[in-house]
Amino acid sequence: MEVNNIISSGLLELYAAGLASQDEAAQVQQWVQQYPEVADELAAIEASLAMYAQANALQPDASVKEKLFERINEGDTAKVIPLSSSQESQLKVVKIPSAWKNVAAAAIVLLIGSTVFNIVQFNKSKAVNDELAQTRQQAAALAQEKKQLEDEQRDINRYVETARNKYSQSVSVTGLNAADSSAKIFWMKNTGDVFVDPANLPALPADKQYELWAIVDGAPVNAGIIINTEKGTYRVQQMKAFGSAVKVQAFAVSVEPKSATPAVTPTVVYAVGPI
Amino acid sequence: MQQRDQQVFSYLYDHYAPALNAVIYRMVEDRELSEDLLQDAFVKIWNNFNSYDKTKGRLFTWMINLTRNLTIDTLRSKSYKKQSKISADENAVSNVKDSSTGIEKFDAVGLTKHLSNLKPDQKTIIDLAYFNGFTQDEISKQLDIPLGTVKTKMRSAILELRNYLK
(Lines give C-alpha, C1' and ligand atoms only; values in the text may rest on other atoms or scores of the structure.)
Protein backbone atom coordinates (compact mmCIF):
# COMPACT_ATOMS: atom_id res chain seq x y z
CA MET A 1 0.00 0.00 0.00
CA GLU A 2 1.20 3.48 -0.85
CA VAL A 3 2.29 5.67 2.04
CA ASN A 4 -0.32 8.28 1.17
CA ASN A 5 -3.06 5.68 1.14
CA ILE A 6 -1.95 4.43 4.54
CA ILE A 7 -1.97 7.94 5.96
CA SER A 8 -5.41 8.76 4.56
CA SER A 9 -6.91 5.40 5.50
CA GLY A 10 -7.76 6.54 9.03
CA LEU A 11 -6.21 3.42 10.54
CA LEU A 12 -3.42 5.38 12.17
CA GLU A 13 -5.99 7.51 13.96
CA LEU A 14 -7.91 4.44 15.11
CA TYR A 15 -4.68 2.92 16.39
CA ALA A 16 -3.65 6.04 18.26
CA ALA A 17 -7.10 6.42 19.81
CA GLY A 18 -7.02 2.81 21.00
CA LEU A 19 -9.76 1.69 18.60
CA ALA A 20 -7.80 -0.62 16.33
CA SER A 21 -8.38 -4.36 16.41
CA GLN A 22 -5.42 -6.64 17.08
CA ASP A 23 -4.99 -7.31 13.36
CA GLU A 24 -5.19 -3.63 12.54
CA ALA A 25 -2.71 -2.81 15.29
CA ALA A 26 -0.25 -5.38 13.97
CA GLN A 27 -0.68 -3.91 10.50
CA VAL A 28 -0.03 -0.38 11.73
CA GLN A 29 3.06 -1.51 13.65
CA GLN A 30 4.42 -3.14 10.53
CA TRP A 31 3.84 0.01 8.46
CA VAL A 32 5.53 2.12 11.11
CA GLN A 33 8.61 -0.09 10.90
CA GLN A 34 8.54 -0.05 7.14
CA TYR A 35 7.80 3.59 6.30
CA PRO A 36 9.40 6.50 8.17
CA GLU A 37 6.67 8.83 6.83
CA VAL A 38 4.00 6.66 8.45
CA ALA A 39 5.96 6.65 11.72
CA ASP A 40 6.13 10.45 11.59
CA GLU A 41 2.42 10.73 10.87
CA LEU A 42 1.53 8.41 13.74
CA ALA A 43 3.83 10.35 16.06
CA ALA A 44 2.03 13.59 15.10
CA ILE A 45 -1.39 12.00 15.71
CA GLU A 46 -0.30 10.62 19.06
CA ALA A 47 1.21 13.96 20.02
CA SER A 48 -2.07 15.76 19.28
CA LEU A 49 -4.06 13.25 21.34
CA ALA A 50 -1.56 13.48 24.19
CA MET A 51 -1.89 17.27 24.10
CA TYR A 52 -5.65 16.88 24.14
CA ALA A 53 -5.43 14.60 27.16
CA GLN A 54 -3.18 17.08 28.94
CA ALA A 55 -5.64 19.88 28.21
CA ASN A 56 -8.29 17.85 29.99
CA ALA A 57 -6.03 16.85 32.87
CA LEU A 58 -7.44 16.33 36.32
CA GLN A 59 -4.91 16.64 39.12
CA PRO A 60 -5.07 13.66 41.47
CA ASP A 61 -4.69 14.08 45.20
CA ALA A 62 -1.13 14.25 46.49
CA SER A 63 -1.74 11.18 48.64
CA VAL A 64 -2.05 9.07 45.49
CA LYS A 65 1.59 9.54 44.65
CA GLU A 66 2.71 8.96 48.22
CA LYS A 67 0.81 5.68 48.45
CA LEU A 68 1.96 4.70 44.99
CA PHE A 69 5.59 4.98 46.00
CA GLU A 70 4.91 3.11 49.23
CA ARG A 71 3.42 0.26 47.19
CA ILE A 72 6.29 0.23 44.74
CA ASN A 73 8.84 0.14 47.52
CA GLU A 74 7.01 -2.73 49.14
CA GLY A 75 7.14 -4.50 45.78
CA ASP A 76 3.37 -4.60 45.95
CA THR A 77 1.63 -5.95 42.89
CA ALA A 78 -1.74 -6.52 44.55
CA LYS A 79 -4.81 -5.20 42.81
CA VAL A 80 -6.56 -2.60 44.88
CA ILE A 81 -5.66 -0.83 48.04
CA PRO A 82 -8.34 0.08 50.59
CA LEU A 83 -10.21 3.25 49.76
CA SER A 84 -8.96 6.26 51.60
CA SER A 85 -11.59 8.19 53.43
CA SER A 86 -12.66 11.31 51.61
CA GLN A 87 -12.10 13.32 54.73
CA GLU A 88 -8.51 12.34 54.83
CA SER A 89 -7.84 13.20 51.23
CA GLN A 90 -9.57 16.54 51.59
CA LEU A 91 -7.42 17.33 54.59
CA LYS A 92 -4.34 16.62 52.56
CA VAL A 93 -5.51 18.82 49.72
CA VAL A 94 -5.92 21.67 52.17
CA LYS A 95 -2.48 21.05 53.55
CA ILE A 96 -0.45 21.53 50.40
CA PRO A 97 -2.61 22.81 47.61
CA SER A 98 -0.34 25.53 46.26
CA ALA A 99 2.63 23.21 45.96
CA TRP A 100 0.57 20.81 43.92
CA LYS A 101 -0.81 23.52 41.73
CA ASN A 102 2.72 24.59 40.93
CA VAL A 103 3.72 21.04 40.17
CA ALA A 104 0.66 20.60 38.00
CA ALA A 105 1.28 23.81 36.11
CA ALA A 106 4.88 22.84 35.64
CA ALA A 107 3.80 19.43 34.43
CA ILE A 108 1.70 20.94 31.68
CA VAL A 109 4.32 23.44 30.64
CA LEU A 110 6.86 20.67 30.60
CA LEU A 111 4.71 18.30 28.59
CA ILE A 112 6.53 19.19 25.42
CA GLY A 113 9.74 19.10 27.42
CA SER A 114 8.90 15.65 28.69
CA THR A 115 8.36 14.41 25.17
CA VAL A 116 11.71 15.82 24.23
CA PHE A 117 13.14 14.35 27.43
CA ASN A 118 11.86 10.92 26.47
CA ILE A 119 13.33 11.18 23.02
CA VAL A 120 16.63 12.43 24.43
CA GLN A 121 16.68 9.59 26.96
CA PHE A 122 15.97 7.01 24.28
CA ASN A 123 18.59 8.51 22.02
CA LYS A 124 21.04 8.61 24.91
CA SER A 125 20.51 5.00 25.78
CA LYS A 126 20.68 4.17 22.09
CA ALA A 127 23.97 6.07 21.84
CA VAL A 128 25.33 4.21 24.87
CA ASN A 129 24.21 0.90 23.40
CA ASP A 130 25.73 1.77 20.05
CA GLU A 131 28.96 2.73 21.74
CA LEU A 132 28.99 -0.49 23.73
CA ALA A 133 28.35 -2.53 20.59
CA GLN A 134 31.14 -0.66 18.83
CA THR A 135 33.57 -1.27 21.68
CA ARG A 136 32.67 -4.95 21.72
CA GLN A 137 33.23 -5.10 17.99
CA GLN A 138 36.60 -3.41 18.34
CA ALA A 139 37.58 -5.78 21.16
CA ALA A 140 36.59 -8.75 19.03
CA ALA A 141 38.56 -7.39 16.08
CA LEU A 142 41.60 -6.84 18.30
CA ALA A 143 41.33 -10.33 19.75
CA GLN A 144 41.21 -11.74 16.25
CA GLU A 145 44.20 -9.67 15.17
CA LYS A 146 46.13 -10.84 18.24
CA LYS A 147 45.30 -14.45 17.44
CA GLN A 148 46.46 -13.96 13.86
CA LEU A 149 49.73 -12.49 15.05
CA GLU A 150 50.21 -15.33 17.51
CA ASP A 151 49.47 -17.90 14.81
CA GLU A 152 51.92 -16.19 12.51
CA GLN A 153 54.59 -16.04 15.21
CA ARG A 154 54.05 -19.72 15.97
CA ASP A 155 54.41 -20.53 12.26
CA ILE A 156 57.62 -18.52 12.05
CA ASN A 157 59.00 -20.22 15.14
CA ARG A 158 58.13 -23.57 13.78
CA TYR A 159 59.67 -22.74 10.42
CA VAL A 160 62.88 -21.53 11.98
CA GLU A 161 62.98 -24.51 14.32
CA THR A 162 62.46 -26.90 11.43
CA ALA A 163 64.99 -25.24 9.17
CA ARG A 164 67.63 -24.96 11.90
CA ASN A 165 67.26 -28.46 13.17
CA LYS A 166 70.68 -30.00 12.86
CA TYR A 167 69.20 -33.19 11.40
CA SER A 168 67.15 -31.23 8.90
CA GLN A 169 68.02 -31.73 5.27
CA SER A 170 66.34 -29.26 3.00
CA VAL A 171 65.26 -30.36 -0.44
CA SER A 172 64.14 -27.89 -3.06
CA VAL A 173 61.38 -29.10 -5.29
CA THR A 174 61.37 -27.04 -8.46
CA GLY A 175 58.63 -26.67 -11.00
CA LEU A 176 59.12 -28.74 -14.13
CA ASN A 177 57.77 -26.02 -16.41
CA ALA A 178 58.17 -23.00 -14.16
CA ALA A 179 61.55 -22.77 -12.51
CA ASP A 180 60.52 -19.91 -10.25
CA SER A 181 57.85 -21.94 -8.52
CA SER A 182 59.16 -24.20 -5.86
CA ALA A 183 58.49 -25.83 -2.55
CA LYS A 184 60.92 -26.50 0.18
CA ILE A 185 61.00 -29.86 1.93
CA PHE A 186 62.62 -30.41 5.28
CA TRP A 187 63.55 -33.99 5.72
CA MET A 188 64.52 -34.98 9.25
CA LYS A 189 67.21 -37.57 8.89
CA ASN A 190 67.02 -38.74 12.48
CA THR A 191 63.27 -39.31 12.64
CA GLY A 192 62.23 -39.44 8.99
CA ASP A 193 59.68 -36.69 9.58
CA VAL A 194 58.82 -34.61 6.54
CA PHE A 195 57.89 -30.93 6.57
CA VAL A 196 56.94 -28.88 3.57
CA ASP A 197 57.01 -25.14 3.00
CA PRO A 198 54.73 -24.69 0.01
CA ALA A 199 54.90 -20.92 -0.03
CA ASN A 200 56.29 -20.62 -3.53
CA LEU A 201 53.83 -22.89 -5.21
CA PRO A 202 51.42 -20.90 -7.39
CA ALA A 203 47.77 -20.82 -6.37
CA LEU A 204 45.57 -23.51 -7.91
CA PRO A 205 42.00 -23.40 -9.16
CA ALA A 206 39.50 -24.24 -6.44
CA ASP A 207 38.92 -27.77 -7.72
CA LYS A 208 42.63 -28.72 -7.60
CA GLN A 209 45.11 -29.41 -4.83
CA TYR A 210 48.82 -30.10 -4.44
CA GLU A 211 49.98 -33.41 -3.04
CA LEU A 212 53.46 -34.34 -1.92
CA TRP A 213 55.12 -37.56 -2.98
CA ALA A 214 58.26 -39.32 -1.92
CA ILE A 215 60.03 -41.43 -4.47
CA VAL A 216 61.01 -44.63 -2.69
CA ASP A 217 62.71 -47.41 -4.64
CA GLY A 218 61.68 -45.70 -7.86
CA ALA A 219 57.98 -45.65 -6.98
CA PRO A 220 55.95 -42.65 -5.77
CA VAL A 221 54.52 -42.88 -2.25
CA ASN A 222 51.95 -40.31 -1.26
CA ALA A 223 53.06 -38.04 1.60
CA GLY A 224 49.81 -36.15 1.99
CA ILE A 225 47.84 -33.17 0.77
CA ILE A 226 49.52 -29.78 0.98
CA ILE A 227 46.99 -27.57 2.68
CA ASN A 228 48.22 -24.03 2.77
CA THR A 229 49.78 -22.56 -0.33
CA GLU A 230 49.08 -18.98 0.64
CA LYS A 231 51.94 -16.68 -0.23
CA GLY A 232 53.67 -14.58 2.37
CA THR A 233 53.08 -16.97 5.24
CA TYR A 234 55.72 -18.94 7.07
CA ARG A 235 53.86 -22.10 7.16
CA VAL A 236 55.53 -25.43 7.41
CA GLN A 237 53.24 -28.35 7.27
CA GLN A 238 54.17 -31.69 8.71
CA MET A 239 53.58 -34.41 6.16
CA LYS A 240 53.43 -38.14 6.37
CA ALA A 241 56.55 -39.57 8.00
CA PHE A 242 58.47 -42.33 6.29
CA GLY A 243 60.75 -43.22 9.14
CA SER A 244 64.50 -42.94 9.13
CA ALA A 245 65.05 -46.41 7.67
CA VAL A 246 63.28 -45.75 4.39
CA LYS A 247 65.48 -44.53 1.62
CA VAL A 248 63.82 -41.60 -0.11
CA GLN A 249 65.41 -40.78 -3.44
CA ALA A 250 63.41 -37.68 -4.32
CA PHE A 251 60.38 -35.64 -3.50
CA ALA A 252 57.74 -34.57 -5.99
CA VAL A 253 54.67 -32.36 -5.97
CA SER A 254 51.69 -33.28 -8.11
CA VAL A 255 48.45 -31.51 -8.98
CA GLU A 256 45.40 -33.59 -8.18
CA PRO A 257 41.65 -33.08 -8.35
CA LYS A 258 40.33 -31.68 -5.08
CA SER A 259 39.67 -34.53 -2.69
CA ALA A 260 39.81 -35.26 1.02
CA THR A 261 41.81 -38.43 0.42
CA PRO A 262 45.28 -38.43 -1.14
CA ALA A 263 45.67 -39.90 -4.64
CA VAL A 264 47.16 -43.36 -5.12
CA THR A 265 49.28 -42.38 -8.10
CA PRO A 266 50.29 -38.85 -9.13
CA THR A 267 48.15 -37.39 -11.93
CA VAL A 268 50.27 -34.45 -13.07
CA VAL A 269 53.74 -34.14 -11.59
CA TYR A 270 54.33 -30.46 -11.14
CA ALA A 271 57.74 -30.30 -9.49
CA VAL A 272 60.49 -32.68 -8.56
CA GLY A 273 63.44 -32.36 -6.22
CA PRO A 274 66.07 -35.05 -5.85
CA ILE A 275 67.73 -35.44 -2.48
CA MET B 1 14.35 -0.87 43.19
CA GLN B 2 16.88 1.51 41.72
CA GLN B 3 16.85 5.04 43.02
CA ARG B 4 17.33 6.37 39.51
CA ASP B 5 14.36 4.39 38.16
CA GLN B 6 12.20 5.84 40.87
CA GLN B 7 13.27 9.34 39.97
CA VAL B 8 12.32 8.78 36.35
CA PHE B 9 9.09 7.18 37.45
CA SER B 10 8.32 10.09 39.73
CA TYR B 11 8.90 12.37 36.76
CA LEU B 12 6.57 10.28 34.62
CA TYR B 13 3.93 10.40 37.31
CA ASP B 14 4.11 14.16 37.66
CA HIS B 15 3.74 14.65 33.93
CA TYR B 16 1.16 12.08 33.03
CA ALA B 17 -0.89 11.28 36.14
CA PRO B 18 -3.27 14.27 35.76
CA ALA B 19 -4.11 13.36 32.16
CA LEU B 20 -4.57 9.68 33.01
CA ASN B 21 -6.60 10.57 36.07
CA ALA B 22 -8.96 12.56 33.84
CA VAL B 23 -9.38 9.56 31.54
CA ILE B 24 -10.27 7.31 34.45
CA TYR B 25 -12.57 9.88 35.97
CA ARG B 26 -14.51 10.19 32.71
CA MET B 27 -15.20 6.50 32.86
CA VAL B 28 -15.92 5.94 36.54
CA GLU B 29 -17.31 9.34 37.55
CA ASP B 30 -16.06 8.83 41.06
CA ARG B 31 -13.09 10.77 42.23
CA GLU B 32 -11.93 8.34 44.89
CA LEU B 33 -12.29 5.28 42.72
CA SER B 34 -10.58 7.19 39.96
CA GLU B 35 -7.57 7.89 42.14
CA ASP B 36 -7.42 4.30 43.34
CA LEU B 37 -7.42 3.10 39.76
CA LEU B 38 -4.82 5.71 38.88
CA GLN B 39 -2.60 4.25 41.56
CA ASP B 40 -3.22 0.72 40.28
CA ALA B 41 -2.46 1.88 36.77
CA PHE B 42 0.88 3.37 37.82
CA VAL B 43 1.80 0.24 39.78
CA LYS B 44 1.11 -1.68 36.59
CA ILE B 45 3.12 0.78 34.53
CA TRP B 46 5.99 0.41 37.00
CA ASN B 47 5.84 -3.39 36.97
CA ASN B 48 5.46 -3.67 33.21
CA PHE B 49 7.74 -0.92 32.10
CA ASN B 50 10.07 -3.37 30.41
CA SER B 51 7.30 -4.49 28.10
CA TYR B 52 6.88 -1.00 26.66
CA ASP B 53 8.04 -1.15 23.06
CA LYS B 54 8.86 2.26 21.68
CA THR B 55 8.60 1.04 18.12
CA LYS B 56 4.87 0.52 18.66
CA GLY B 57 4.13 4.09 19.59
CA ARG B 58 4.87 6.76 22.10
CA LEU B 59 5.06 6.19 25.81
CA PHE B 60 1.92 8.13 26.62
CA THR B 61 -0.13 6.04 24.19
CA TRP B 62 1.08 2.89 25.92
CA MET B 63 0.27 4.35 29.32
CA ILE B 64 -3.19 5.55 28.36
CA ASN B 65 -4.04 2.20 26.72
CA LEU B 66 -2.93 0.35 29.83
CA THR B 67 -4.90 2.73 32.04
CA ARG B 68 -8.02 2.54 29.88
CA ASN B 69 -7.94 -1.26 29.78
CA LEU B 70 -7.44 -1.50 33.52
CA THR B 71 -10.40 0.80 34.07
CA ILE B 72 -12.62 -1.07 31.62
CA ASP B 73 -11.70 -4.37 33.29
CA THR B 74 -12.61 -2.93 36.66
CA LEU B 75 -15.91 -1.55 35.38
CA ARG B 76 -16.78 -4.94 33.92
CA SER B 77 -15.73 -6.90 37.00
CA LYS B 78 -18.48 -8.45 39.06
CA SER B 79 -17.50 -6.79 42.30
CA TYR B 80 -17.74 -3.43 40.66
CA LYS B 81 -21.07 -4.05 38.91
CA LYS B 82 -22.77 -4.85 42.18
CA GLN B 83 -22.28 -1.34 43.43
CA SER B 84 -22.14 0.25 40.05
CA LYS B 85 -24.28 2.93 38.61
CA ILE B 86 -22.38 3.02 35.38
CA SER B 87 -22.48 1.08 32.21
CA ALA B 88 -21.28 2.13 28.83
CA ASP B 89 -24.51 3.92 28.06
CA GLU B 90 -26.10 7.33 27.98
CA ASN B 91 -24.92 8.25 31.43
CA ALA B 92 -21.35 8.19 30.34
CA VAL B 93 -22.04 9.99 27.12
CA SER B 94 -24.15 12.76 28.55
CA ASN B 95 -21.25 13.28 30.84
CA VAL B 96 -18.86 13.48 27.94
CA LYS B 97 -20.98 16.08 26.23
CA ASP B 98 -21.27 18.11 29.37
CA SER B 99 -18.00 19.87 29.84
CA SER B 100 -18.92 21.32 33.23
CA THR B 101 -18.62 18.21 35.34
CA GLY B 102 -16.57 19.92 37.98
CA ILE B 103 -13.33 18.77 36.50
CA GLU B 104 -10.58 21.21 37.24
CA LYS B 105 -8.77 21.80 34.04
CA PHE B 106 -5.19 22.77 33.69
CA ASP B 107 -4.62 25.00 30.80
CA ALA B 108 -1.18 26.49 31.02
CA VAL B 109 -0.84 26.72 27.25
CA GLY B 110 -4.36 27.91 26.56
CA LEU B 111 -5.31 24.65 24.94
CA THR B 112 -8.82 24.47 26.23
CA LYS B 113 -9.75 27.70 24.50
CA HIS B 114 -8.39 26.39 21.23
CA LEU B 115 -10.18 23.11 21.68
CA SER B 116 -13.52 24.78 22.29
CA ASN B 117 -13.41 25.55 18.59
CA LEU B 118 -13.52 21.85 17.86
CA LYS B 119 -16.92 20.89 16.48
CA PRO B 120 -19.01 19.14 19.14
CA ASP B 121 -19.41 15.92 17.18
CA GLN B 122 -15.68 15.84 16.51
CA LYS B 123 -14.94 16.36 20.17
CA THR B 124 -17.43 13.66 21.10
CA ILE B 125 -15.99 11.00 18.86
CA ILE B 126 -12.47 11.63 20.15
CA ASP B 127 -13.72 11.64 23.74
CA LEU B 128 -15.70 8.42 23.36
CA ALA B 129 -12.68 6.59 22.00
CA TYR B 130 -9.80 8.19 23.79
CA PHE B 131 -11.34 8.97 27.15
CA ASN B 132 -14.22 6.58 27.50
CA GLY B 133 -12.60 3.60 25.87
CA PHE B 134 -15.53 2.85 23.61
CA THR B 135 -15.04 0.35 20.80
CA GLN B 136 -15.77 1.24 17.16
CA ASP B 137 -18.99 -0.71 17.49
CA GLU B 138 -20.07 1.11 20.62
CA ILE B 139 -19.26 4.46 19.03
CA SER B 140 -21.29 3.66 15.94
CA LYS B 141 -24.28 2.73 18.10
CA GLN B 142 -23.84 5.68 20.41
CA LEU B 143 -23.59 8.26 17.65
CA ASP B 144 -26.02 6.37 15.41
CA ILE B 145 -23.59 6.32 12.50
CA PRO B 146 -22.59 3.37 10.28
CA LEU B 147 -19.65 1.34 11.64
CA GLY B 148 -17.65 2.07 8.49
CA THR B 149 -17.72 5.81 9.00
CA VAL B 150 -16.25 5.74 12.51
CA LYS B 151 -12.80 5.54 10.95
CA THR B 152 -13.28 8.48 8.58
CA LYS B 153 -14.97 10.61 11.23
CA MET B 154 -12.20 9.86 13.69
CA ARG B 155 -9.61 10.84 11.12
CA SER B 156 -11.23 14.16 10.30
CA ALA B 157 -11.72 14.90 13.99
CA ILE B 158 -8.06 14.28 14.75
CA LEU B 159 -6.99 16.29 11.71
CA GLU B 160 -9.07 19.15 13.07
CA LEU B 161 -7.49 18.67 16.48
CA ARG B 162 -4.04 18.79 14.94
CA ASN B 163 -4.95 22.02 13.18
CA TYR B 164 -5.79 23.64 16.48
CA LEU B 165 -2.63 22.44 18.08
CA LYS B 166 -0.34 23.77 15.36
# chains A, B, ... in the order shown; residues from 1 in each chain; ligands from 1
>>> closest_atom_pairs(of="chain A", to="chain B", cutoff="6 Å", atoms="only C-alpha atoms", output="CSV")
residue,atom,partner,partner_atom,distance
A:Gly10,CA,B:Arg155,CA,5.1
A:Glu13,CA,B:Arg155,CA,5.7
A:Ala17,CA,B:Tyr130,CA,5.1
A:Leu19,CA,B:Thr135,CA,5.9
A:Gln29,CA,B:Lys56,CA,5.7
A:Ser48,CA,B:Arg162,CA,5.6
A:Ala53,CA,B:Ala19,CA,5.3
A:Gln54,CA,B:Ala19,CA,5.0
A:Ala55,CA,B:Leu111,CA,5.8
A:Asn56,CA,B:Lys105,CA,5.7
A:Ala57,CA,B:Ala19,CA,4.1
A:Leu58,CA,B:Pro18,CA,4.7
A:Gln59,CA,B:Pro18,CA,4.4
A:Leu68,CA,B:Gln39,CA,5.7
A:Ala107,CA,B:His15,CA,4.8
>>> select_by_dssp(residues="stretch 199-228 of chain A", states="strand (DSSP E or B)", output="MDAnalysis selection string")
chainID A and resid 199:200 208:216 219:226
>>> closest_residue(among="A:Val272, A:Leu176, A:Ala16, A:Val255", to="A:Ala203", atoms="only C-alpha atoms")
A:Val255
>>> closest_residue(among="A:Val160, A:Val194, A:Ala271, A:Ala39", to="A:Tyr210", atoms="only C-alpha atoms")
A:Ala271
